[in-house]
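What follows is the content of coords_5.txt (compact mmCIF, C-alpha atoms).
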```
# COMPACT_ATOMS: atom_id res chain seq x y z
CA MET A 1 0.00 0.00 0.00
CA PHE A 2 1.24 3.46 -0.81
CA ALA A 3 -0.54 6.79 -0.36
CA ALA A 4 0.91 10.26 -0.56
CA LEU A 5 0.28 13.92 -1.24
CA THR A 6 2.90 15.67 -3.32
CA GLU A 7 3.81 19.17 -4.50
CA GLU A 8 5.76 17.67 -7.40
CA ALA A 9 4.55 16.61 -10.84
CA ILE A 10 3.24 13.04 -10.69
CA ALA A 11 5.54 10.46 -12.28
CA ALA A 12 3.06 7.80 -13.41
CA GLU A 13 5.64 5.06 -13.94
CA ALA A 14 6.93 5.49 -10.40
CA VAL A 15 3.39 5.02 -9.06
CA VAL A 16 2.99 1.84 -11.13
CA ALA A 17 6.32 0.59 -9.81
CA ARG A 18 4.84 0.75 -6.29
CA VAL A 19 2.35 -2.00 -7.09
CA ALA A 20 3.80 -4.11 -9.92
CA HIS A 21 4.78 -7.69 -9.12
CA PRO A 22 5.13 -10.87 -11.23
CA SER A 23 2.26 -12.47 -9.28
CA ARG A 24 -0.11 -9.69 -10.36
CA GLY A 25 -1.03 -10.07 -14.01
CA ALA A 26 -3.28 -7.01 -14.26
CA VAL A 27 -2.12 -3.45 -13.69
CA VAL A 28 -4.55 -0.52 -14.01
CA LEU A 29 -3.24 3.03 -13.96
CA PHE A 30 -5.77 5.86 -13.61
CA LEU A 31 -4.66 9.45 -14.12
CA GLY A 32 -7.00 12.30 -13.32
CA THR A 33 -5.95 15.46 -15.15
CA VAL A 34 -7.05 19.06 -14.86
CA ARG A 35 -9.78 19.70 -17.43
CA ASN A 36 -9.50 23.02 -19.25
CA ARG A 37 -13.23 23.81 -19.06
CA HIS A 38 -15.85 23.99 -16.35
CA ASP A 39 -19.27 24.68 -17.88
CA GLU A 40 -18.63 27.71 -20.09
CA ARG A 41 -15.46 28.85 -18.37
CA GLN A 42 -11.89 28.25 -19.41
CA VAL A 43 -9.87 26.73 -16.59
CA VAL A 44 -6.19 27.67 -16.57
CA SER A 45 -5.17 25.75 -13.46
CA ILE A 46 -6.49 24.28 -10.24
CA HIS A 47 -5.04 24.91 -6.80
CA TYR A 48 -5.40 21.84 -4.57
CA ALA A 49 -5.54 22.38 -0.82
CA ALA A 50 -5.59 19.57 1.74
CA TYR A 51 -5.82 18.99 5.45
CA ARG A 52 -2.66 17.02 5.08
CA PRO A 53 -2.43 14.73 8.12
CA LEU A 54 -6.04 13.59 7.79
CA ALA A 55 -5.94 13.42 3.99
CA GLU A 56 -2.87 11.19 4.08
CA ARG A 57 -4.50 8.88 6.59
CA VAL A 58 -7.74 8.72 4.57
CA LEU A 59 -5.88 7.87 1.36
CA ALA A 60 -3.88 5.20 3.19
CA ARG A 61 -7.06 3.74 4.71
CA ILE A 62 -8.76 3.60 1.29
CA ALA A 63 -5.75 1.90 -0.27
CA ALA A 64 -5.40 -0.62 2.57
CA GLU A 65 -9.10 -1.53 2.58
CA LEU A 66 -9.16 -2.01 -1.19
CA GLU A 67 -6.05 -4.16 -1.05
CA ALA A 68 -7.73 -6.42 1.48
CA GLU A 69 -10.97 -6.57 -0.51
CA HIS A 70 -9.38 -7.27 -3.90
CA GLN A 71 -6.17 -9.16 -2.99
CA GLY A 72 -4.18 -6.58 -4.91
CA ALA A 73 -1.77 -3.72 -4.36
CA VAL A 74 -2.96 -0.10 -4.43
CA ALA A 75 -0.99 3.15 -4.69
CA ILE A 76 -2.61 6.59 -4.58
CA VAL A 77 -0.77 9.86 -5.19
CA HIS A 78 -2.58 13.21 -5.12
CA ARG A 79 -1.18 16.63 -5.96
CA VAL A 80 -1.39 19.66 -3.70
CA GLY A 81 -0.65 23.19 -4.86
CA GLU A 82 -1.06 24.59 -8.34
CA VAL A 83 -1.72 22.14 -11.20
CA ALA A 84 -1.97 23.46 -14.77
CA ALA A 85 -4.69 22.32 -17.17
CA GLY A 86 -3.68 19.04 -18.76
CA GLN A 87 -1.42 18.00 -15.88
CA ALA A 88 -2.20 15.06 -13.60
CA SER A 89 -3.79 15.86 -10.25
CA VAL A 90 -4.17 12.26 -9.10
CA ALA A 91 -2.70 8.89 -9.98
CA ILE A 92 -4.09 5.56 -8.83
CA ALA A 93 -2.22 2.38 -9.65
CA VAL A 94 -3.71 -1.01 -8.86
CA ALA A 95 -2.15 -4.39 -9.49
CA ALA A 96 -4.06 -7.62 -8.92
CA PRO A 97 -3.79 -11.21 -10.09
CA HIS A 98 -6.65 -10.65 -12.60
CA ARG A 99 -8.20 -7.71 -14.42
CA ALA A 100 -11.68 -7.69 -12.85
CA ALA A 101 -10.31 -6.95 -9.40
CA ALA A 102 -7.83 -4.38 -10.71
CA TYR A 103 -10.48 -2.42 -12.62
CA ALA A 104 -12.91 -2.55 -9.70
CA ALA A 105 -10.38 -1.42 -7.11
CA SER A 106 -9.18 1.41 -9.35
CA ARG A 107 -12.65 2.82 -9.75
CA GLN A 108 -13.55 2.39 -6.07
CA ALA A 109 -10.35 4.15 -5.02
CA LEU A 110 -11.21 7.23 -7.05
CA GLU A 111 -14.87 7.35 -6.03
CA ARG A 112 -13.94 6.99 -2.34
CA LEU A 113 -11.17 9.57 -2.59
CA LYS A 114 -13.62 12.10 -4.02
CA ARG A 115 -16.11 11.51 -1.19
CA GLU A 116 -13.80 11.02 1.79
CA ALA A 117 -10.46 12.82 1.44
CA PRO A 118 -10.22 16.36 2.87
CA ILE A 119 -8.90 17.85 -0.38
CA TRP A 120 -10.33 20.92 -2.13
CA LYS A 121 -9.90 22.41 -5.57
CA ARG A 122 -9.91 26.08 -6.37
CA GLU A 123 -10.33 26.65 -10.08
CA HIS A 124 -8.47 29.54 -11.68
CA TYR A 125 -10.14 30.86 -14.83
CA ALA A 126 -8.86 32.76 -17.83
CA GLY A 127 -9.33 36.42 -16.90
CA GLY A 128 -8.04 35.99 -13.37
CA GLU A 129 -11.11 34.96 -11.37
CA SER A 130 -11.15 31.85 -9.19
CA ALA A 131 -13.64 29.82 -7.18
CA TRP A 132 -13.63 26.92 -4.72
CA ARG A 133 -15.41 23.78 -5.85
CA GLU A 134 -17.14 22.18 -2.87
CA GLU A 135 -19.06 19.01 -3.66
CA GLU A 136 -19.15 16.13 -1.21
CA SER A 137 -19.94 16.93 2.43
CA LEU A 138 -18.02 14.91 5.00
CA VAL A 139 -21.01 15.26 7.34
CA PRO A 140 -22.94 11.96 7.23
CA GLY A 141 -26.23 12.43 5.40
CA ARG A 142 -25.38 15.87 4.04
CA MET B 1 -10.00 27.77 27.04
CA ARG B 2 -8.01 28.34 23.89
CA ILE B 3 -8.30 26.25 20.75
CA ARG B 4 -6.46 26.40 17.45
CA LEU B 5 -8.89 26.76 14.58
CA LEU B 6 -7.93 25.61 11.07
CA ALA B 7 -10.30 26.60 8.27
CA PHE B 8 -10.11 25.23 4.74
CA ALA B 9 -11.45 26.35 1.35
CA SER B 10 -14.52 28.62 1.68
CA ALA B 11 -14.38 28.42 5.48
CA GLY B 12 -10.87 29.84 5.35
CA ASP B 13 -12.08 32.67 3.14
CA VAL B 14 -14.84 33.51 5.64
CA LEU B 15 -12.48 33.53 8.62
CA GLY B 16 -9.94 35.52 6.62
CA SER B 17 -7.12 33.23 7.70
CA PRO B 18 -6.31 29.52 7.51
CA GLU B 19 -5.33 29.49 11.22
CA THR B 20 -6.86 31.36 14.15
CA ASP B 21 -6.47 31.02 17.89
CA LEU B 22 -9.87 31.24 19.53
CA GLU B 23 -11.13 31.46 23.12
CA VAL B 24 -14.18 29.25 23.75
CA PRO B 25 -16.04 28.33 26.96
CA ALA B 26 -14.52 25.36 28.81
CA GLY B 27 -16.26 22.11 27.90
CA THR B 28 -17.54 23.33 24.54
CA ARG B 29 -18.65 20.44 22.33
CA VAL B 30 -18.35 20.26 18.56
CA ALA B 31 -22.08 20.87 18.04
CA GLU B 32 -21.94 24.00 20.24
CA LEU B 33 -19.06 25.39 18.24
CA GLY B 34 -21.48 26.42 15.48
CA ALA B 35 -23.13 29.04 17.67
CA VAL B 36 -19.77 30.33 18.93
CA LEU B 37 -18.31 30.64 15.43
CA THR B 38 -21.33 32.09 13.65
CA GLN B 39 -21.63 34.79 16.29
CA ARG B 40 -18.14 35.97 15.44
CA TRP B 41 -18.31 35.15 11.71
CA PRO B 42 -21.98 35.42 10.61
CA ALA B 43 -21.02 34.52 7.03
CA LEU B 44 -20.16 31.04 8.34
CA ALA B 45 -23.81 30.31 9.17
CA PRO B 46 -24.89 29.15 5.69
CA LEU B 47 -21.81 26.90 5.48
CA TRP B 48 -22.15 25.32 8.92
CA PRO B 49 -24.72 22.57 8.13
CA ARG B 50 -22.41 20.95 5.54
CA LEU B 51 -19.19 21.68 7.43
CA ALA B 52 -17.47 18.67 8.99
CA VAL B 53 -15.30 19.21 12.06
CA ALA B 54 -12.10 17.37 12.84
CA VAL B 55 -10.55 17.50 16.30
CA ASP B 56 -6.84 16.75 16.59
CA GLY B 57 -6.74 15.26 13.11
CA GLU B 58 -9.78 12.97 13.16
CA LEU B 59 -13.40 13.63 12.16
CA ALA B 60 -15.36 14.38 15.32
CA ARG B 61 -18.95 13.60 16.27
CA PRO B 62 -21.25 16.45 17.35
CA ASP B 63 -21.06 15.43 21.02
CA ALA B 64 -17.25 15.30 21.09
CA PRO B 65 -15.80 17.68 23.70
CA LEU B 66 -13.02 20.14 22.92
CA ALA B 67 -10.04 20.52 25.20
CA GLU B 68 -7.46 23.20 25.88
CA ASN B 69 -5.19 23.51 22.82
CA SER B 70 -7.36 21.23 20.67
CA GLU B 71 -6.69 21.60 16.96
CA VAL B 72 -10.13 22.07 15.43
CA ALA B 73 -10.42 21.92 11.63
CA LEU B 74 -13.42 23.20 9.67
CA LEU B 75 -13.84 21.04 6.57
CA PRO B 76 -16.25 22.22 3.85
CA PRO B 77 -17.54 19.72 1.29
CA VAL B 78 -14.54 18.18 -0.46
CA SER B 79 -13.60 18.16 -4.15
CA GLY B 80 -10.44 16.12 -4.58
CA GLY B 81 -9.59 14.11 -7.65
```

Write out the structure in this file as C-alpha cells.
Amino acid sequence: MFAALTEEAIAAEAVVARVAHPSRGAVVLFLGTVRNRHDERQVVSIHYAAYRPLAERVLARIAAELEAEHQGAVAIVHRVGEVAAGQASVAIAVAAPHRAAAYAASRQALERLKREAPIWKREHYAGGESAWREEESLVPGR
Amino acid sequence: MRIRLLAFASAGDVLGSPETDLEVPAGTRVAELGAVLTQRWPALAPLWPRLAVAVDGELARPDAPLAENSEVALLPPVSGG
C-alpha cells in the first residue's frame, strides 16, 4: 500500500512501480488530469488544498481496505498546490492477479477519494477569477 | 480555554485566515461550536450545516468535547480528484 500527497509533478511510472509484481497479471493506472473547461469557463489551473495529516490517513485507509478486498496492491498519489490544465492531479495504480479486481479497485479508489479525502480544488479561470469547488460533504447524510 | 482553529477552502475565506487562535467556553462540544463561530463570523452560518469538524486530526462527532489547545479543523464539502 502506498498513499501520498505531493507538490511535485506526478511520475506515473513510479506510481505503477509501487504495485507491480510478477504475481499480479493485471495493472490498471488511472490518471485524473485538470480539465480546461468547467461549464462555459476556461480553466487555466487548479489549486489543490488539503488537510494534510487527515488526507494522508484517509488515502492510506482507502488503499489498505481495497487491497484487502481485492487481494491486490494499491498506490494513490494526489497533488497539492497549483496544477496546470492538462497535468495530472491524481494517480491511482492497482495491481491484482486478474483484471476484474484491478479495474474494480481502481474505480472504487477514485470514487472513495472524491467523497472522503479532505482535499479541495480552487479553479483559476482565464481572466483571473477563481472559485472553490465544494461538492461532497463529509457530514454523514449531508 | 483556547483552541487552534484551522479553516479550509470557503471556510478559510470567511475567517480571513487559515489558522486562528480562539477562546471558547470550557467544555464546549463540537455541536456547540457552530453558535460560537457564527456569532463571530456570521457569514459562516450558511456553510455550517455541511461543514465537517475534525478534532486533533480525526473527524469528530457532534457530542465530542473540545479541550485546551485542541486543533479544530473546519472542513467544507470536499472536491479532490

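For chain A, the residues close to chain B, meaning within 7 Å and counting all atoms listed in the file, are Gly32, Pro53, Leu54, Ser89, Val90, Leu113, Lys114, Arg115, Ala117, Pro118, Ile119, Trp120, Lys121, Trp132, Arg133, Glu134, Glu135, Glu136, Ser137, Leu138, Val139 and Arg142 of chain A.
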
- request: Determine, counting only C-alpha atoms, every residue of protein, DNA or RNA that lies within 12 Å of (-10.0, 23.2, -20.6) in the file coordinates, then give the result as a PyMOL selection string.
  value: chain A and resi 33-46+84-87+123-126

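Pairwise distance (CA of Pro18 (chain B), CA of Glu68 (chain B)) equals 19.5 Å.
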
task: For region 42-47 of chain B, list every protein, DNA or RNA residue within 8 Å, evaluated using only C-alpha atoms, and leave out those in the same chain fewer than 4 positions away; present the list as a PyMOL selection string.
output: chain B and resi 11+14+34+37-38+51+76

Please, what is the axis-aligned box for every listed atom of region 38-45 of chain A with 6 Å on each side, as centre and edge lengths in Å to one decimal, as lines of an AutoDock Vina configuration file?
```
center_x = -12.2
center_y = 26.4
center_z = -16.8
size_x = 26.1
size_y = 16.9
size_z = 18.6
```

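The residue that comes closest to Gly25 (chain A), out of A:Ala73, A:Ala11, A:Ala91, A:Ala109 and on the basis of all atoms listed in the file, is A:Ala73.
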
message: Can you tell me which residues surround Phe2 (chain A) at a distance of at most 9 Å, considering only C-alpha atoms, apart from same-chain residues fewer than 4 positions away, and format the answer as number ranges by chain?
response: A: 15, 18-19, 59-60, 63-64, 73-77

Just to be explicit: take each residue in the selection above, keep C-alpha atoms, and write the result as a short mmCIF file (atom, residue, chain, number, x, y, z; two decimals), in the frame of the given file.
```cif
data_model
loop_
_atom_site.label_atom_id
_atom_site.label_comp_id
_atom_site.auth_asym_id
_atom_site.auth_seq_id
_atom_site.Cartn_x
_atom_site.Cartn_y
_atom_site.Cartn_z
CA VAL A 15 3.39 5.02 -9.06
CA ARG A 18 4.84 0.75 -6.29
CA VAL A 19 2.35 -2.00 -7.09
CA LEU A 59 -5.88 7.87 1.36
CA ALA A 60 -3.88 5.20 3.19
CA ALA A 63 -5.75 1.90 -0.27
CA ALA A 64 -5.40 -0.62 2.57
CA ALA A 73 -1.77 -3.72 -4.36
CA VAL A 74 -2.96 -0.10 -4.43
CA ALA A 75 -0.99 3.15 -4.69
CA ILE A 76 -2.61 6.59 -4.58
CA VAL A 77 -0.77 9.86 -5.19
#
```

message: Please compute the CA of Gly81 (chain A)-CA of Glu56 (chain A) distance, one decimal, in Å.
response: 15.1 Å

Gap from CA of Gly12 (chain B) to CA of Leu66 (chain B) - Å, one decimal: 20.2 Å

From (-21.1, 19.6, 27.3), in the file's coordinates, out to 8 Å: which residues are reached, counting all atoms listed in the file? Answer as a PDB file with C-alpha atoms, keeping the file's coordinate frame.
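So selection.pdb came out as:
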```
ATOM      1  CA  GLY B  27     -16.260  22.110  27.900  1.00  0.00           C
ATOM      2  CA  THR B  28     -17.540  23.330  24.540  1.00  0.00           C
ATOM      3  CA  ARG B  29     -18.650  20.440  22.330  1.00  0.00           C
ATOM      4  CA  ASP B  63     -21.060  15.430  21.020  1.00  0.00           C
ATOM      5  CA  PRO B  65     -15.800  17.680  23.700  1.00  0.00           C
TER       6      PRO B  65
END
```

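Shortest atom-to-atom contact with Glu65 (chain A) among A:Ala17, A:Val27, A:Ile10, A:Ala105: A:Ala105, counting all atoms listed in the file.
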
With all atoms listed in the file as the counted atoms, please give the residues lying no more than 9 Å from region 102-104 of chain A, apart from itself and same-chain residues fewer than 3 positions off, as a compact mmCIF listing (two decimals) with C-alpha atoms, in the frame of the given file.
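New file around01.txt:
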```txt
# COMPACT_ATOMS: atom_id res chain seq x y z
CA ALA A 26 -3.28 -7.01 -14.26
CA VAL A 27 -2.12 -3.45 -13.69
CA VAL A 28 -4.55 -0.52 -14.01
CA HIS A 70 -9.38 -7.27 -3.90
CA GLY A 72 -4.18 -6.58 -4.91
CA ALA A 73 -1.77 -3.72 -4.36
CA ALA A 93 -2.22 2.38 -9.65
CA VAL A 94 -3.71 -1.01 -8.86
CA ALA A 95 -2.15 -4.39 -9.49
CA ALA A 96 -4.06 -7.62 -8.92
CA PRO A 97 -3.79 -11.21 -10.09
CA HIS A 98 -6.65 -10.65 -12.60
CA ARG A 99 -8.20 -7.71 -14.42
CA ARG A 107 -12.65 2.82 -9.75
CA GLN A 108 -13.55 2.39 -6.07
CA ALA A 109 -10.35 4.15 -5.02
```
